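So this one's entry-v1.csv, CSV, C-alpha atoms:
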```
chain,number,residue,atom,x,y,z
A,26,MET,CA,-3.0,186.4,107.5
A,27,PRO,CA,-2.9,190.1,106.4
A,28,LYS,CA,-4.3,192.7,108.8
A,29,ALA,CA,-7.0,193.8,106.3
A,30,GLY,CA,-8.2,190.2,106.1
A,31,TRP,CA,-8.5,190.0,109.9
A,32,ARG,CA,-10.5,193.3,110.0
A,33,TRP,CA,-12.7,192.0,107.3
A,34,LEU,CA,-13.5,188.8,109.1
A,35,ALA,CA,-14.1,190.6,112.4
A,36,GLY,CA,-16.5,193.0,110.6
A,37,LEU,CA,-18.4,190.1,109.0
A,38,ILE,CA,-18.8,188.4,112.4
A,39,LEU,CA,-20.3,191.6,113.9
A,40,VAL,CA,-22.6,192.0,110.9
A,41,VAL,CA,-23.9,188.5,111.4
A,42,LEU,CA,-24.4,189.1,115.1
A,43,PHE,CA,-26.6,192.1,114.6
A,44,VAL,CA,-28.3,191.4,111.2
A,45,PRO,CA,-31.5,190.0,112.9
A,46,ALA,CA,-32.2,193.5,114.1
A,47,ALA,CA,-32.5,194.7,110.5
A,48,TRP,CA,-36.2,194.3,109.8
A,49,ALA,CA,-37.8,195.0,106.5
A,50,ASN,CA,-41.4,195.0,105.2
A,51,LEU,CA,-42.7,191.6,104.3
A,52,GLY,CA,-46.4,192.0,103.3
A,53,PRO,CA,-49.0,193.7,105.6
A,54,PRO,CA,-47.8,193.9,109.1
A,55,SER,CA,-51.3,193.5,110.6
A,56,TYR,CA,-54.3,191.2,110.1
A,57,GLY,CA,-57.6,190.1,111.7
A,58,GLY,CA,-59.6,192.1,114.1
A,59,GLN,CA,-63.2,193.2,114.0
A,60,VAL,CA,-65.4,196.2,114.9
A,61,THR,CA,-67.0,196.0,118.3
A,62,ALA,CA,-69.2,198.9,119.4
A,63,GLU,CA,-72.1,200.1,121.5
A,64,PRO,CA,-75.5,199.3,119.9
A,65,ILE,CA,-77.5,201.8,117.9
A,66,GLY,CA,-81.3,202.1,118.3
A,67,ILE,CA,-81.6,202.9,122.0
A,68,GLU,CA,-84.2,205.7,122.0
A,69,ALA,CA,-86.6,207.2,124.6
A,70,ILE,CA,-85.0,205.0,127.3
A,71,GLU,CA,-82.5,206.1,129.9
A,72,ILE,CA,-79.2,204.2,130.4
A,73,THR,CA,-78.6,204.8,134.1
A,74,ARG,CA,-75.3,202.9,134.0
A,75,GLU,CA,-73.3,200.6,131.8
A,76,THR,CA,-71.0,197.9,133.0
A,77,LEU,CA,-68.5,196.8,130.3
A,78,THR,CA,-66.2,193.7,130.9
A,79,LEU,CA,-63.5,192.7,128.4
A,80,ASP,CA,-61.8,189.4,129.0
A,81,LEU,CA,-58.6,189.3,126.9
A,82,ARG,CA,-57.0,186.4,128.7
A,83,PRO,CA,-58.0,183.9,126.0
A,84,ILE,CA,-55.7,185.8,123.6
A,85,ALA,CA,-52.7,184.1,125.2
A,86,GLN,CA,-54.0,180.8,124.0
A,87,LYS,CA,-54.9,182.3,120.5
A,88,LYS,CA,-58.6,182.2,121.3
A,89,LEU,CA,-61.2,184.9,121.0
A,90,ALA,CA,-61.7,187.7,123.5
A,91,GLN,CA,-64.9,187.7,125.5
A,92,VAL,CA,-67.1,190.8,125.7
A,93,GLU,CA,-69.9,191.4,128.2
A,94,ALA,CA,-72.0,194.6,128.4
A,95,ILE,CA,-74.8,195.2,130.9
A,96,TYR,CA,-77.1,198.1,130.4
A,97,ARG,CA,-79.2,199.4,133.3
A,98,LEU,CA,-82.4,200.6,131.6
A,99,LEU,CA,-85.0,203.0,133.0
A,100,ASN,CA,-88.2,203.3,131.1
A,101,GLU,CA,-90.4,205.9,132.8
A,102,GLY,CA,-93.2,205.6,130.2
A,103,ASN,CA,-95.2,202.8,128.7
A,104,LYS,CA,-93.7,199.6,127.1
A,105,LYS,CA,-91.3,200.6,124.3
A,106,LYS,CA,-90.1,198.6,121.3
A,107,LEU,CA,-86.4,198.9,120.5
A,108,ASP,CA,-84.8,197.8,117.2
A,109,LEU,CA,-81.1,197.3,118.1
A,110,ARG,CA,-78.1,196.6,116.0
A,111,PHE,CA,-74.7,195.5,117.2
A,112,ALA,CA,-71.4,195.5,115.2
A,113,LEU,CA,-70.0,192.1,115.3
A,114,GLY,CA,-67.9,191.5,112.1
A,115,THR,CA,-68.5,188.0,110.6
A,116,LEU,CA,-68.3,185.7,113.6
A,117,GLY,CA,-72.0,184.8,113.4
A,118,THR,CA,-74.8,184.2,115.9
A,119,ASP,CA,-73.1,181.3,117.8
A,120,ASN,CA,-70.9,183.9,119.6
A,121,PHE,CA,-73.7,186.4,120.3
A,122,GLN,CA,-76.3,186.2,123.1
A,123,VAL,CA,-78.7,188.8,124.6
A,124,TRP,CA,-80.9,188.7,127.7
A,125,LEU,CA,-83.5,191.1,129.1
A,126,ASP,CA,-83.8,190.5,132.8
A,127,ASN,CA,-82.2,187.0,132.3
A,128,GLN,CA,-84.7,186.1,129.5
A,129,PRO,CA,-82.9,185.3,126.2
A,130,ILE,CA,-83.7,187.5,123.2
A,131,THR,CA,-83.5,186.2,119.6
A,132,SER,CA,-81.1,187.9,117.2
A,133,GLU,CA,-80.1,187.5,113.6
A,134,ILE,CA,-77.5,188.8,111.1
A,135,SER,CA,-78.6,191.9,109.2
A,136,PRO,CA,-76.2,192.0,106.2
A,137,ASN,CA,-78.0,194.7,104.3
A,138,ALA,CA,-78.3,197.2,107.1
A,139,VAL,CA,-76.8,200.6,106.6
A,140,LEU,CA,-73.8,201.0,108.8
A,141,PRO,CA,-73.8,204.2,111.0
A,142,SER,CA,-70.8,206.5,110.9
A,143,SER,CA,-70.5,206.2,114.7
A,144,TRP,CA,-69.2,202.7,114.2
A,145,GLN,CA,-66.0,204.0,112.6
A,146,ALA,CA,-63.1,202.2,114.3
A,147,PRO,CA,-60.2,204.3,115.5
A,148,ALA,CA,-57.4,204.5,112.9
A,149,TYR,CA,-54.7,203.7,115.5
A,150,THR,CA,-54.2,202.1,118.9
A,151,PRO,CA,-51.7,203.4,121.4
A,152,GLY,CA,-48.2,202.0,121.1
A,153,LEU,CA,-46.2,200.4,123.9
A,154,ASN,CA,-43.1,202.2,122.7
A,155,GLY,CA,-44.8,205.6,122.3
A,156,LYS,CA,-45.6,205.1,118.6
A,157,SER,CA,-49.2,204.5,117.7
A,158,LEU,CA,-50.1,201.4,115.5
A,159,ASP,CA,-52.5,201.5,112.6
A,160,TYR,CA,-55.6,199.6,113.3
A,161,LEU,CA,-58.0,197.4,111.3
A,162,ARG,CA,-56.4,198.2,107.9
A,163,HIS,CA,-57.0,194.7,106.7
A,164,SER,CA,-60.1,193.6,108.8
A,165,SER,CA,-63.2,191.8,107.6
A,166,GLU,CA,-66.5,193.5,106.7
A,167,VAL,CA,-68.9,194.5,109.4
A,168,LYS,CA,-72.2,192.6,109.4
A,169,PRO,CA,-74.5,193.9,112.1
A,170,MET,CA,-76.6,191.7,114.5
A,171,ALA,CA,-80.2,192.9,114.7
A,172,LEU,CA,-82.7,192.2,117.4
A,173,THR,CA,-86.0,193.6,118.6
A,174,VAL,CA,-86.8,193.9,122.3
A,175,ASN,CA,-89.8,195.2,124.1
A,176,ILE,CA,-88.9,197.1,127.3
A,177,PRO,CA,-91.7,197.3,129.9
A,178,SER,CA,-92.0,200.3,132.2
A,179,GLY,CA,-89.6,200.4,135.1
A,180,LYS,CA,-86.0,199.3,135.6
A,181,HIS,CA,-84.4,196.5,133.6
A,182,ASP,CA,-81.1,194.9,132.7
A,183,LEU,CA,-80.1,194.3,129.1
A,184,ARG,CA,-77.1,192.0,129.0
A,185,VAL,CA,-75.1,191.2,125.9
A,186,GLU,CA,-72.3,188.6,125.5
A,187,TYR,CA,-70.2,187.7,122.5
A,188,ALA,CA,-66.8,186.6,121.4
A,189,ALA,CA,-64.5,189.1,119.5
A,190,GLN,CA,-61.4,188.7,117.4
A,191,THR,CA,-58.5,191.0,118.3
A,192,ALA,CA,-56.2,192.3,115.6
A,193,THR,CA,-52.6,191.1,115.3
A,194,HIS,CA,-49.8,193.5,114.5
A,195,LEU,CA,-46.5,191.7,113.6
A,196,SER,CA,-44.2,194.7,114.1
A,197,GLY,CA,-43.8,193.8,117.8
A,198,LYS,CA,-40.4,192.6,119.0
A,199,PRO,CA,-39.7,190.0,120.3
A,200,THR,CA,-43.4,189.1,120.6
A,201,ILE,CA,-46.3,190.3,118.4
A,202,TYR,CA,-48.7,193.0,119.3
A,203,HIS,CA,-52.5,192.4,119.9
A,204,GLN,CA,-54.9,195.3,119.3
A,205,PHE,CA,-58.5,195.8,120.4
A,206,ALA,CA,-60.9,198.7,120.4
A,207,TYR,CA,-64.4,199.1,121.7
A,208,ILE,CA,-66.3,202.0,120.1
A,209,LEU,CA,-68.3,204.2,122.5
A,210,ALA,CA,-69.3,206.8,120.0
A,211,PRO,CA,-72.9,205.5,119.4
A,212,ALA,CA,-73.8,206.2,123.1
A,213,LYS,CA,-73.7,209.9,122.2
A,214,ALA,CA,-77.0,209.4,120.4
A,215,TRP,CA,-78.8,207.7,123.3
A,216,SER,CA,-81.5,209.5,125.2
A,217,ALA,CA,-79.5,209.6,128.4
A,218,PHE,CA,-76.3,208.0,129.7
A,219,GLY,CA,-75.5,207.8,133.4
A,220,GLY,CA,-72.0,206.6,133.3
A,221,LEU,CA,-69.7,203.7,132.5
A,222,ASP,CA,-67.8,201.1,134.6
A,223,VAL,CA,-65.0,199.3,132.7
A,224,THR,CA,-63.1,196.1,133.7
A,225,ILE,CA,-60.5,194.6,131.4
A,226,TYR,CA,-58.8,191.3,132.3
A,227,LEU,CA,-55.3,190.9,130.7
A,228,PRO,CA,-53.2,187.8,130.2
A,229,ARG,CA,-50.8,187.3,133.0
A,230,ASN,CA,-47.9,189.8,133.1
A,231,TRP,CA,-48.7,191.2,129.6
A,232,GLN,CA,-47.8,194.8,128.8
A,233,VAL,CA,-50.5,197.1,127.7
A,234,ALA,CA,-51.0,200.7,126.4
A,235,ILE,CA,-54.6,202.0,126.6
A,236,THR,CA,-56.7,205.1,126.0
A,237,PRO,CA,-58.5,206.3,128.1
A,238,ALA,CA,-56.2,205.7,131.1
A,239,LEU,CA,-57.4,203.0,133.4
A,240,ASN,CA,-56.1,201.9,136.8
A,241,ARG,CA,-54.1,198.7,136.7
A,242,LYS,CA,-54.0,196.3,139.7
A,243,GLY,CA,-52.2,193.1,138.8
A,244,ASP,CA,-53.6,192.0,135.5
A,245,VAL,CA,-56.9,193.8,135.8
A,246,LEU,CA,-57.6,197.3,134.4
A,247,GLN,CA,-60.5,199.2,135.9
A,248,GLY,CA,-62.1,202.6,135.4
A,249,ALA,CA,-65.4,204.4,136.3
A,250,PHE,CA,-66.6,207.4,134.3
A,251,THR,CA,-69.6,209.6,134.8
A,252,ASP,CA,-69.6,210.6,131.1
A,253,LEU,CA,-68.3,209.0,127.9
A,254,PRO,CA,-64.4,209.0,128.2
A,255,GLY,CA,-64.0,209.3,124.5
A,256,ASP,CA,-65.1,207.8,121.2
A,257,ALA,CA,-63.5,204.4,121.9
A,258,ILE,CA,-61.5,202.4,124.3
A,259,ALA,CA,-58.4,201.4,122.4
A,260,LEU,CA,-55.5,199.2,123.5
A,261,THR,CA,-52.3,197.5,122.4
A,262,MET,CA,-50.9,194.6,124.4
A,263,GLN,CA,-47.9,192.3,124.2
A,264,ALA,CA,-46.8,189.1,125.8
A,265,PRO,CA,-43.7,189.5,128.1
A,266,GLU,CA,-40.3,188.3,126.9
A,267,GLY,CA,-39.5,186.7,130.3
A,268,TRP,CA,-36.3,186.9,132.4
A,269,ALA,CA,-34.4,184.3,130.3
A,270,TYR,CA,-34.8,185.9,126.9
A,271,ARG,CA,-32.1,188.6,127.0
A,272,PRO,CA,-29.4,186.6,128.8
A,273,LEU,CA,-29.9,183.8,126.2
A,274,LYS,CA,-30.0,186.2,123.3
A,275,TYR,CA,-26.9,188.2,124.2
A,276,GLY,CA,-25.1,185.3,125.8
A,277,SER,CA,-25.4,183.2,122.6
A,278,GLN,CA,-24.3,186.2,120.5
A,279,LEU,CA,-21.3,186.7,122.8
A,280,LEU,CA,-20.4,183.0,122.5
A,281,LEU,CA,-20.6,183.2,118.7
A,282,GLY,CA,-18.3,186.2,118.8
A,283,LEU,CA,-15.8,184.4,121.0
A,284,ILE,CA,-15.8,181.3,118.8
A,285,GLY,CA,-15.5,183.4,115.7
A,286,LEU,CA,-12.7,185.6,116.8
A,287,GLY,CA,-11.1,183.1,119.1
A,288,GLY,CA,-10.8,180.6,116.2
A,289,LEU,CA,-8.2,182.8,114.7
A,290,ARG,CA,-6.1,182.6,117.8
A,291,TRP,CA,-6.6,178.8,118.1
A,292,GLY,CA,-5.7,178.3,114.4
A,293,TRP,CA,-2.5,180.4,114.9
A,294,GLN,CA,-1.6,178.4,118.0
A,295,LEU,CA,-2.1,175.1,116.2
A,296,GLY,CA,0.0,176.2,113.2
A,297,ARG,CA,2.7,177.5,115.5
A,298,THR,CA,2.9,174.2,117.4
A,299,ARG,CA,3.0,172.1,114.3
A,300,GLY,CA,5.6,174.4,112.7
A,301,GLN,CA,7.9,174.2,115.7
A,302,HIS,CA,7.4,170.4,115.9
A,303,LEU,CA,8.4,170.1,112.2
A,304,SER,CA,11.1,172.7,112.2
A,305,SER,CA,13.8,170.4,110.9
A,306,SER,CA,11.6,169.3,107.9
A,307,PRO,CA,11.8,170.9,104.5
A,308,LEU,CA,9.1,173.5,103.8
A,309,ARG,CA,7.5,171.2,101.3
A,310,LYS,CA,7.2,168.5,103.9
A,311,ILE,CA,5.7,171.1,106.3
A,312,HIS,CA,2.7,171.7,104.0
A,313,GLN,CA,2.3,168.0,103.3
A,314,GLN,CA,2.3,166.9,106.9
A,315,VAL,CA,0.2,169.9,108.3
A,316,TRP,CA,-2.6,169.9,105.8
A,317,PRO,CA,-4.7,167.2,107.6
A,318,TRP,CA,-4.5,169.3,110.8
A,319,SER,CA,-5.4,172.4,108.7
A,320,ILE,CA,-8.5,170.8,107.2
A,321,GLY,CA,-9.6,169.3,110.5
A,322,PHE,CA,-9.3,172.6,112.3
A,323,GLY,CA,-11.1,174.5,109.5
A,324,LEU,CA,-14.0,172.0,109.5
A,325,LEU,CA,-14.3,172.0,113.3
A,326,TRP,CA,-14.2,175.8,113.4
A,327,GLY,CA,-16.8,176.1,110.7
A,328,ILE,CA,-19.1,173.5,112.4
A,329,ALA,CA,-18.8,175.3,115.7
A,330,ILE,CA,-19.7,178.7,114.2
A,331,LEU,CA,-22.7,177.0,112.4
A,332,ALA,CA,-24.0,175.3,115.5
A,333,VAL,CA,-23.6,178.3,117.8
A,334,GLY,CA,-24.9,180.7,115.2
A,335,TRP,CA,-28.0,178.5,114.8
A,336,LEU,CA,-28.4,178.7,118.6
A,337,ALA,CA,-28.0,182.5,118.6
A,338,ILE,CA,-30.7,182.8,116.0
A,339,TYR,CA,-33.3,180.4,117.4
A,340,SER,CA,-32.7,179.7,121.0
A,341,PRO,CA,-34.0,183.0,122.4
A,342,ASN,CA,-37.4,182.3,120.9
A,343,TRP,CA,-37.6,179.0,122.8
A,344,VAL,CA,-38.2,180.9,126.0
A,345,LEU,CA,-40.9,183.2,124.6
A,346,PRO,CA,-44.6,182.4,125.2
A,347,ALA,CA,-46.0,179.8,122.7
A,348,GLY,CA,-47.6,181.3,119.6
A,349,GLN,CA,-46.4,184.9,120.4
A,350,VAL,CA,-43.0,185.0,118.6
A,351,SER,CA,-42.7,187.8,116.1
A,352,ARG,CA,-40.9,186.8,112.9
A,353,TYR,CA,-42.0,189.6,110.7
A,354,GLY,CA,-39.3,190.8,108.2
A,355,TYR,CA,-36.2,189.4,106.5
A,356,GLY,CA,-33.9,189.6,109.5
A,357,GLN,CA,-33.9,185.9,110.4
A,358,GLY,CA,-33.4,184.8,106.8
A,359,PHE,CA,-30.5,187.1,106.4
A,360,ALA,CA,-29.0,185.9,109.7
A,361,ILE,CA,-29.3,182.2,108.6
A,362,LEU,CA,-27.5,183.0,105.2
A,363,GLY,CA,-24.9,185.0,107.1
A,364,ILE,CA,-24.1,182.2,109.5
A,365,MET,CA,-23.9,179.7,106.7
A,366,GLY,CA,-21.5,181.9,104.7
A,367,LEU,CA,-19.5,182.6,107.8
A,368,SER,CA,-19.1,178.9,108.6
A,369,LEU,CA,-17.9,178.2,105.1
A,370,LEU,CA,-15.5,181.1,105.2
A,371,ALA,CA,-14.2,179.8,108.6
A,372,VAL,CA,-13.3,176.4,106.9
A,373,VAL,CA,-11.2,178.2,104.3
A,374,ILE,CA,-9.6,180.7,106.6
A,375,GLY,CA,-9.0,178.1,109.3
A,376,PHE,CA,-7.1,175.9,106.8
A,377,ALA,CA,-5.1,178.9,105.5
A,378,VAL,CA,-4.2,180.2,109.0
A,379,VAL,CA,-2.8,176.8,110.2
A,380,GLN,CA,-0.9,176.2,106.9
A,381,ILE,CA,0.7,179.7,106.8
A,382,THR,CA,1.4,179.9,110.5
A,383,SER,CA,3.1,176.5,110.6
A,384,ALA,CA,5.4,177.4,107.7
A,385,ARG,CA,6.3,180.8,109.2
A,386,HIS,CA,7.2,179.3,112.5
A,387,ARG,CA,9.2,176.6,110.9
A,388,GLN,CA,11.2,179.2,109.1
A,389,ALA,CA,11.6,181.4,112.2
A,390,LYS,CA,12.9,178.6,114.3
A,391,GLY,CA,15.1,177.4,111.4
A,392,SER,CA,16.8,180.8,111.1
A,393,ASN,CA,17.5,180.8,114.9
```

Target encoding structure tokens, full file:
Amino acid sequence: MPKAGWRWLAGLILVVLFVPAAWANLGPPSYGGQVTAEPIGIEAIEITRETLTLDLRPIAQKKLAQVEAIYRLLNEGNKKKLDLRFALGTLGTDNFQVWLDNQPITSEISPNAVLPSSWQAPAYTPGLNGKSLDYLRHSSEVKPMALTVNIPSGKHDLRVEYAAQTATHLSGKPTIYHQFAYILAPAKAWSAFGGLDVTIYLPRNWQVAITPALNRKGDVLQGAFTDLPGDAIALTMQAPEGWAYRPLKYGSQLLLGLIGLGGLRWGWQLGRTRGQHLSSSPLRKIHQQVWPWSIGFGLLWGIAILAVGWLAIYSPNWVLPAGQVSRYGYGQGFAILGIMGLSLLAVVIGFAVVQITSARHRQAKGSN
């Protein structure tokens, strides 16, 4: 086989090995998500402390996040009526509950309400690789939940619970990104704000990037603030790839490379052996008697490349968390086409290598 042909084949093998890394745009990279925010309408009442709890663990099972906010109210005057609105996207009343001192409060969707500018979601969430990710570019319309509550004089607890949809960003590798933001900006308009305690529960071993910075202990993030720490709490998180992903990924690619490049050596050895065995036969007989071996070797080599190439493309994803595999882009499609083309090429080249090598070794031994 000419040296140029050998170099061309080796280059093709390397391209197939690394083509999954070539990602291209394939429609919007993100979808879903909703605006979650502090309520508007808290007037003439002091918020002595807020306790905010975000449970993001259900995201690992592709379920909704759970939000709980407890507002410690202090009304130093007479009974006051508050008309409150909460930003909840389009999930409806089934996922929204409010209590005042453990007494349930009725709420309803207010589709025609004017949305305040303070409910503007952040344009980005922090990135795990240092690059911020655009946020809520393709989210659903915000439809506020409205409720009226009468606050007697004294201290009271207003508790709110609801389910929230996180946004999914497909550019993560090898697992997708999940984004979430809780908007704090409306609290700037409250009569008084005494501080914020934040607790965020993460899925087990998931990576996270968050602003403002919170202390992480295990899979729990916590922070305590005397003032508003910013306009929003924004985060990006990602399922871990696990210890087996990289060994399986690079091990299968190495095996594919060994079979691809080693097949040339095995074909040469087979042709050499058959040529020496048939050294006393005419050259025409050499081609006639070796071709079944040539076809058989070419087919076996092509099938081996196809099988191992398929494993190299798909097997690393088998060890990733269920439902978290990122397939955004054309990389996998290109890899599949490349493997198919390489396996067909191996059949042709394998046949040619055995045929040509057997003839040359027959001539070389005959000349001796």

Excluding same-chain residues fewer than 4 positions from Arg290 (chain A), what lies within 12 Å of it counting all atoms listed in the file, as a PyMOL selection string? chain A and resi 26+31+283-286+294-297+322+326+374-375+378-379+382

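Ranking A:Ala332, A:Ala384, A:Leu140, A:Ile72 by their shortest atom-to-atom distance to Thr298 (chain A), with all atoms listed in the file included, puts A:Ala384 first.
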
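Closest approach to Ile225 (chain A) from the set A:Ala264, A:Lys88, A:Leu77, A:Gly354 is made by A:Leu77, with distances taken over only C-alpha atoms.
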
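Atom to atom, CA of Leu209 (chain A) and CA of Tyr149 (chain A) stand 15.3 Å apart.
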
For Asn342 (chain A), work out the shell of residues within 10 Å, counting only C-alpha atoms and skipping chain neighbours fewer than 2 positions away, then give it as a PDB file with C-alpha atoms, in the coordinates of the input.
```
ATOM      1  CA  PRO A 199     -39.700 190.000 120.300  1.00  0.00           C
ATOM      2  CA  THR A 200     -43.400 189.100 120.600  1.00  0.00           C
ATOM      3  CA  GLU A 266     -40.300 188.300 126.900  1.00  0.00           C
ATOM      4  CA  TYR A 270     -34.800 185.900 126.900  1.00  0.00           C
ATOM      5  CA  LEU A 273     -29.900 183.800 126.200  1.00  0.00           C
ATOM      6  CA  LYS A 274     -30.000 186.200 123.300  1.00  0.00           C
ATOM      7  CA  LEU A 336     -28.400 178.700 118.600  1.00  0.00           C
ATOM      8  CA  ALA A 337     -28.000 182.500 118.600  1.00  0.00           C
ATOM      9  CA  ILE A 338     -30.700 182.800 116.000  1.00  0.00           C
ATOM     10  CA  TYR A 339     -33.300 180.400 117.400  1.00  0.00           C
ATOM     11  CA  SER A 340     -32.700 179.700 121.000  1.00  0.00           C
ATOM     12  CA  VAL A 344     -38.200 180.900 126.000  1.00  0.00           C
ATOM     13  CA  LEU A 345     -40.900 183.200 124.600  1.00  0.00           C
ATOM     14  CA  PRO A 346     -44.600 182.400 125.200  1.00  0.00           C
ATOM     15  CA  ALA A 347     -46.000 179.800 122.700  1.00  0.00           C
ATOM     16  CA  GLN A 349     -46.400 184.900 120.400  1.00  0.00           C
ATOM     17  CA  VAL A 350     -43.000 185.000 118.600  1.00  0.00           C
ATOM     18  CA  SER A 351     -42.700 187.800 116.100  1.00  0.00           C
ATOM     19  CA  ARG A 352     -40.900 186.800 112.900  1.00  0.00           C
TER      20      ARG A 352
END
```

Within 9 Å of Thr73 (chain A), counting all atoms listed in the file, which residues qualify if same-chain residues fewer than 6 places away don't, as a PyMOL selection string? chain A and resi 96-99+217-220

(Q) Residues near Asn127 (chain A), anyone? I mean within 12 Å using all atoms listed in the file, not counting same-chain ones fewer than 4 positions away, as a list in words. (A) Ile95, Gln122, Val123, His181, Asp182, Leu183, Arg184 and Val185 of chain A

Take the residues from that selection and put them in a file with C-alpha atoms, as an mmCIF file, in the coordinates of the input.
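File result19.cif, as written:
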```
data_model
loop_
_atom_site.group_PDB
_atom_site.id
_atom_site.type_symbol
_atom_site.label_atom_id
_atom_site.label_comp_id
_atom_site.auth_asym_id
_atom_site.auth_seq_id
_atom_site.Cartn_x
_atom_site.Cartn_y
_atom_site.Cartn_z
ATOM 1 C CA ILE A 95 -74.800 195.200 130.900
ATOM 2 C CA GLN A 122 -76.300 186.200 123.100
ATOM 3 C CA VAL A 123 -78.700 188.800 124.600
ATOM 4 C CA HIS A 181 -84.400 196.500 133.600
ATOM 5 C CA ASP A 182 -81.100 194.900 132.700
ATOM 6 C CA LEU A 183 -80.100 194.300 129.100
ATOM 7 C CA ARG A 184 -77.100 192.000 129.000
ATOM 8 C CA VAL A 185 -75.100 191.200 125.900
#
```

**Prompt:** If we count only C-alpha atoms, what is near region 53-57 of chain A at a cut-off of 9 Å, once residues fewer than 5 positions away on the same chain are taken out, given as a ChimeraX atom specification?
**Reply:** /A:159-165,190-196,353

Pairwise distance, CA of Thr224 (chain A) with CA of Gln247 (chain A), equals 4.6 Å

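Among the candidates A:Pro64, A:Pro151, A:Gly300, A:Gly255, the residue lying nearest to Pro211 (chain A) is A:Pro64 (atoms considered: all atoms listed in the file).
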
Using only C-alpha atoms, the residue out of A:Glu133, A:Asp244, A:Glu93, A:Asp126 with shortest distance to Glu63 (chain A) is A:Glu93

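Of the listed residues A:Gln357, A:Asn100, A:Ser135, A:Gln380, the one whose atoms come nearest to Gly323 (chain A) is A:Gln380, with distances taken using all atoms listed in the file.
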
re CA of Asp108 (chain A) and CA of Glu68 (chain A): distance 9.3 Å

The residue from A:Val233, A:Val372, A:Ala85, A:Leu362 with the smallest atom-to-atom distance to Trp318 (chain A), counting all atoms listed in the file, is A:Val372

field: Polymer residues at most 12 Å from (-75.8, 196.4, 110.4) by all atoms listed in the file, as a PyMOL selection string
entry: chain A and resi 60-62+64-66+108-115+133-144+166-172

field: Sphere at (-21.4, 182.1, 118.3), radius 6 Å, counting all atoms listed in the file: residues as a list in words
entry: Ser277, Gln278, Leu280, Leu281, Gly282, Ile284, Ile330, Val333 and Gly334 of chain A
